[in-house]
Amino acid sequence: MNYRTPERANALAAHYVLGTMPARARSRFARLARTDSVLGDAIRAWEARLSPLAQSVPPVEPPERVWMAILARIDRGGAASAPERRGAWASVSLWRGLALTGFATAIALAVVLLMPPLERPEATLVAVLAGDDAKPALLASADRTGRVLTVKLIAPLAPAADRSLQLWALPATGNPRSLGLVPMSGIVRIALPVAAGTALQDIPALAVSLEPSGGSPTGLPTGPVLYSGPIQRLY
Amino acid sequence: MVVDPARQLERSARLMELLARIALADRSAFEQLYRLTSPHLYGVAMRILRESAAAEEVLQESFVNVWHHAGSYVAARSQPLTWLTSIVRNRCLDRLRKHDIETVSIDDEEHAMTIADRSPTPLELLLSGADASAVRRCVEALDAVQKQAIALAFYQGLSHSELARHLRQPLGTVKSWVRRALERLKTCLDGAGVAR
């Protein structure tokens with residue numbers, strides 16, 4: 001298809017800017033537009049047409065930590081990045097990590113069990129994810145019947161610039177499944193397609209790997225496993 | 001946010017000047033740009049991603065990108081706020097498309113309610129976004145279904161298939177609504193001299 005005719009470039013740019021273009025077409029189109037001035041001009045024309053619409057979105061003051069993080073990144077010159085240990089996924093460290101996490105899990109379970117009783121009977125899934133040093137780094141929990149997995153960072157993490165942390169479900173057999181990205185601090189709630197009890201039924205453990213910014217491009221972990229831990233089922 | 005044209009021109013000139021200084025690695029210009037534009041850009045990102053951690057990350061990545069690439073901003077080609085908004089929207093959309101699992105399902109009623117409780121609907125945004133400009137006339141000229149489809153795609157980042165599910169229409173129907181809406185907007189806006 002000749003995308004360089006003005007009509008075609010215009011129609012594609014309209015979908016790109018509106019956001020309705022599917023993932024693969026989107027990244028391909030963005031790549032082409034970087035070097036093709038016909039496409040670049042068509043995109044800018046649509047941005048000019050549609051961007052007045054964004055003005056009506058109510059402004060929201062971002063937390064100050066965003067600005068601090070930006071400053072920290074530009075101070076490092078954006079060049080720093082952790083050396084990647086490719087292949088670490090299959091290494092023994094993951095499984096050693098899982099074993100070490102046992103103690104951390106015991107503590108976390110104690111915390112969960114000591115909390116005041118809730119109004120309705122609870123059936124919870126909990127996982128404490130720890131690194132090689134066995135220090136708990138993340139706490140993941142979900143109500144068995146809920147469709148949300150809540151991940152709390154026990155201490156703020158500081159991965160290198162331009163990297164993201166990605167959470168994976170590790171099935172007993174087969175490939176890890178991405179559950180989504182986790183932030184460097186705070187709490188994230190990850191939507192599950194079905195109730196947690198079902199979504200994580202055959203999943204013995206969770207793990208977090210270091211990935212390129214925006215997450216693994218392949219759909220499978222590509223970077224080192226930083227944290228992992230077994231899922232405990234309180235039911 | 002309704003902005004009168006004179007103030008908008010003044011703001012654009014200010015942002016252009018800041019971008020020029022940032023291209024020369026001026027930290028204080030960078031901070032001023034951040035203070036002036038981040039609430040708007042964070043609002044846009046929150047609206048699309050509906051998740052503050054993800055929106056914070058996008059805002060962070062976008063500004064780091066602006067710091068490194070302010071020199072590539074060409075004033076003759078786009079308004080500064082358009083340029084900045086596009087950087088943020090593109091990153092949001094890339095994330096939504098790449099990580100389907102992170103996209104909060106529109107069927108998630110609980111979530112839909114929290115959104116509905118605290119903020120205007122996409123359609124309300126579309127109509128108020130069009131305030132005091134040619135865009136208003138052009139948006140109002142669209143059919144109701146076209147307005148709805150454009151609003152959900154633009155403000156919430158719904159893809160064609162998500163639009164089809166949400167509007168309970170066949171994919172082909174939704175695609176042609178969007179295509180015709182975009183054609184009509186283009187004809188109308190270009191006639192009014194909005195796009196450069």
# chains A, B, ... in the order shown; residues from 1 in each chain; ligands from 1
$ select_by_dssp --residues "chain B" --states "helix (DSSP H, G or I)" --output "MDAnalysis selection string"
chainID B and resid 5:23 27:49 52:72 80:98 100:102 109:118 122:129 134:140 144:156 160:167 171:191
$ residues_around --residues "region 62-65 of chain A" --least-positions-apart "6" --cutoff "8 Å" --atoms "only C-alpha atoms" --output "number ranges by chain"
B: 38-39, 42, 56
$ write_last_selection --atoms "C-alpha atoms" --output "short mmCIF file (atom, residue, chain, number, x, y, z; two decimals), in the first residue's frame"
data_model
loop_
_atom_site.label_atom_id
_atom_site.label_comp_id
_atom_site.auth_asym_id
_atom_site.auth_seq_id
_atom_site.Cartn_x
_atom_site.Cartn_y
_atom_site.Cartn_z
CA SER B 38 2.76 19.60 34.14
CA PRO B 39 -0.73 19.90 35.72
CA TYR B 42 -0.61 15.04 34.03
CA GLU B 56 3.54 9.67 36.80
#
$ residues_around --residues "Pro122 (chain B)" --least-positions-apart "3" --cutoff "6 Å" --atoms "only C-alpha atoms" --output "number ranges by chain"
B: 125, 151-152, 155
$ write_last_selection --atoms "N, CA and C atoms" --output "short mmCIF file (atom, residue, chain, number, x, y, z; two decimals), in the first residue's frame"
data_model
loop_
_atom_site.label_atom_id
_atom_site.label_comp_id
_atom_site.auth_asym_id
_atom_site.auth_seq_id
_atom_site.Cartn_x
_atom_site.Cartn_y
_atom_site.Cartn_z
N LEU B 125 -16.25 16.54 27.94
CA LEU B 125 -14.95 17.14 27.65
C LEU B 125 -14.87 17.59 26.21
N ALA B 151 -14.84 11.15 21.18
CA ALA B 151 -14.55 11.51 22.57
C ALA B 151 -13.90 10.35 23.33
N LEU B 152 -14.44 9.15 23.16
CA LEU B 152 -13.89 8.00 23.88
C LEU B 152 -12.48 7.67 23.39
N TYR B 155 -10.07 11.00 24.51
CA TYR B 155 -9.84 11.25 25.93
C TYR B 155 -9.50 10.00 26.72
#
$ closest_atom_pairs --of "chain A" --to "chain B" --cutoff "6 Å" --atoms "only C-alpha atoms" --output "JSON lines"
{"residue": "A:Leu18", "atom": "CA", "partner": "B:Phe154", "partner_atom": "CA", "distance": 5.4}
{"residue": "A:Gly19", "atom": "CA", "partner": "B:Gly157", "partner_atom": "CA", "distance": 6.0}
{"residue": "A:Thr20", "atom": "CA", "partner": "B:Ser159", "partner_atom": "CA", "distance": 4.5}
{"residue": "A:Ala23", "atom": "CA", "partner": "B:Arg97", "partner_atom": "CA", "distance": 5.1}
{"residue": "A:Ala45", "atom": "CA", "partner": "B:Ala195", "partner_atom": "CA", "distance": 5.7}
{"residue": "A:Ala48", "atom": "CA", "partner": "B:Ala195", "partner_atom": "CA", "distance": 5.5}
{"residue": "A:Arg49", "atom": "CA", "partner": "B:Ala195", "partner_atom": "CA", "distance": 5.5}
{"residue": "A:Ser51", "atom": "CA", "partner": "B:Thr82", "partner_atom": "CA", "distance": 5.8}
{"residue": "A:Leu53", "atom": "CA", "partner": "B:Gly129", "partner_atom": "CA", "distance": 4.5}
{"residue": "A:Gln55", "atom": "CA", "partner": "B:Gly129", "partner_atom": "CA", "distance": 5.7}
{"residue": "A:Ser56", "atom": "CA", "partner": "B:Gly129", "partner_atom": "CA", "distance": 4.3}
{"residue": "A:Pro59", "atom": "CA", "partner": "B:His40", "partner_atom": "CA", "distance": 4.3}
{"residue": "A:Val60", "atom": "CA", "partner": "B:Pro39", "partner_atom": "CA", "distance": 4.7}
{"residue": "A:Glu61", "atom": "CA", "partner": "B:Pro39", "partner_atom": "CA", "distance": 4.6}
{"residue": "A:Val66", "atom": "CA", "partner": "B:Gln60", "partner_atom": "CA", "distance": 5.9}
{"residue": "A:Ile70", "atom": "CA", "partner": "B:Gln60", "partner_atom": "CA", "distance": 5.6}
{"residue": "A:Gly180", "atom": "CA", "partner": "B:Glu102", "partner_atom": "CA", "distance": 5.7}
{"residue": "A:Pro183", "atom": "CA", "partner": "B:Ala53", "partner_atom": "CA", "distance": 5.8}
$ write_last_selection --atoms "N, CA and C atoms" --output "tab-separated table (two decimals), in the first residue's frame"
chain	number	residue	atom	x	y	z
A	18	LEU	N	-5.47	10.36	16.73
A	18	LEU	CA	-6.64	10.10	17.55
A	18	LEU	C	-6.35	8.96	18.53
A	19	GLY	N	-5.53	8.00	18.10
A	19	GLY	CA	-5.13	6.92	19.01
A	19	GLY	C	-5.79	5.59	18.70
A	20	THR	N	-6.52	5.51	17.59
A	20	THR	CA	-7.26	4.28	17.29
A	20	THR	C	-6.43	3.26	16.51
A	23	ALA	N	-1.58	-1.57	17.93
A	23	ALA	CA	-0.20	-1.48	18.41
A	23	ALA	C	0.87	-1.59	17.31
A	45	ALA	N	-0.26	18.16	11.35
A	45	ALA	CA	-1.51	18.84	11.01
A	45	ALA	C	-2.66	18.29	11.87
A	48	ALA	N	-2.40	19.53	15.42
A	48	ALA	CA	-2.89	20.90	15.53
A	48	ALA	C	-4.43	20.93	15.53
A	49	ARG	N	-5.04	20.03	14.73
A	49	ARG	CA	-6.50	20.02	14.68
A	49	ARG	C	-7.10	19.52	15.98
A	51	SER	N	-5.51	18.87	19.10
A	51	SER	CA	-5.03	19.20	20.44
A	51	SER	C	-5.86	20.24	21.19
A	53	LEU	N	-8.75	20.05	21.76
A	53	LEU	CA	-9.69	19.25	22.55
A	53	LEU	C	-9.11	18.87	23.91
A	55	GLN	N	-7.50	20.68	25.84
A	55	GLN	CA	-7.53	21.81	26.77
A	55	GLN	C	-8.64	21.69	27.81
A	56	SER	N	-9.65	20.91	27.50
A	56	SER	CA	-10.76	20.84	28.45
A	56	SER	C	-10.52	19.83	29.56
A	59	PRO	N	-6.91	20.09	34.81
A	59	PRO	CA	-5.52	19.88	35.20
A	59	PRO	C	-5.45	19.16	36.55
A	60	VAL	N	-4.42	18.35	36.73
A	60	VAL	CA	-4.21	17.64	37.99
A	60	VAL	C	-2.77	17.90	38.41
A	61	GLU	N	-2.59	18.40	39.62
A	61	GLU	CA	-1.23	18.69	40.09
A	61	GLU	C	-0.50	17.37	40.34
A	66	VAL	N	7.52	13.40	41.15
A	66	VAL	CA	7.75	13.29	39.70
A	66	VAL	C	8.87	14.25	39.30
A	70	ILE	N	12.54	13.44	37.78
A	70	ILE	CA	13.03	14.00	36.51
A	70	ILE	C	14.41	14.61	36.72
A	180	GLY	N	1.88	-6.89	34.31
A	180	GLY	CA	1.91	-5.44	34.15
A	180	GLY	C	3.17	-4.86	34.75
A	183	PRO	N	5.38	0.40	39.63
A	183	PRO	CA	6.07	1.69	39.77
A	183	PRO	C	7.28	1.52	40.68
$ closest_residue --among "A:Pro156, A:Val151, A:Ala199, A:Ser164" --to "Ile187 (chain A)" --atoms "only C-alpha atoms"
A:Val151
$ atom_distance --atom1 "CA of Ala42 (chain A)" --atom2 "CA of Ala13 (chain A)"
5.8 Å
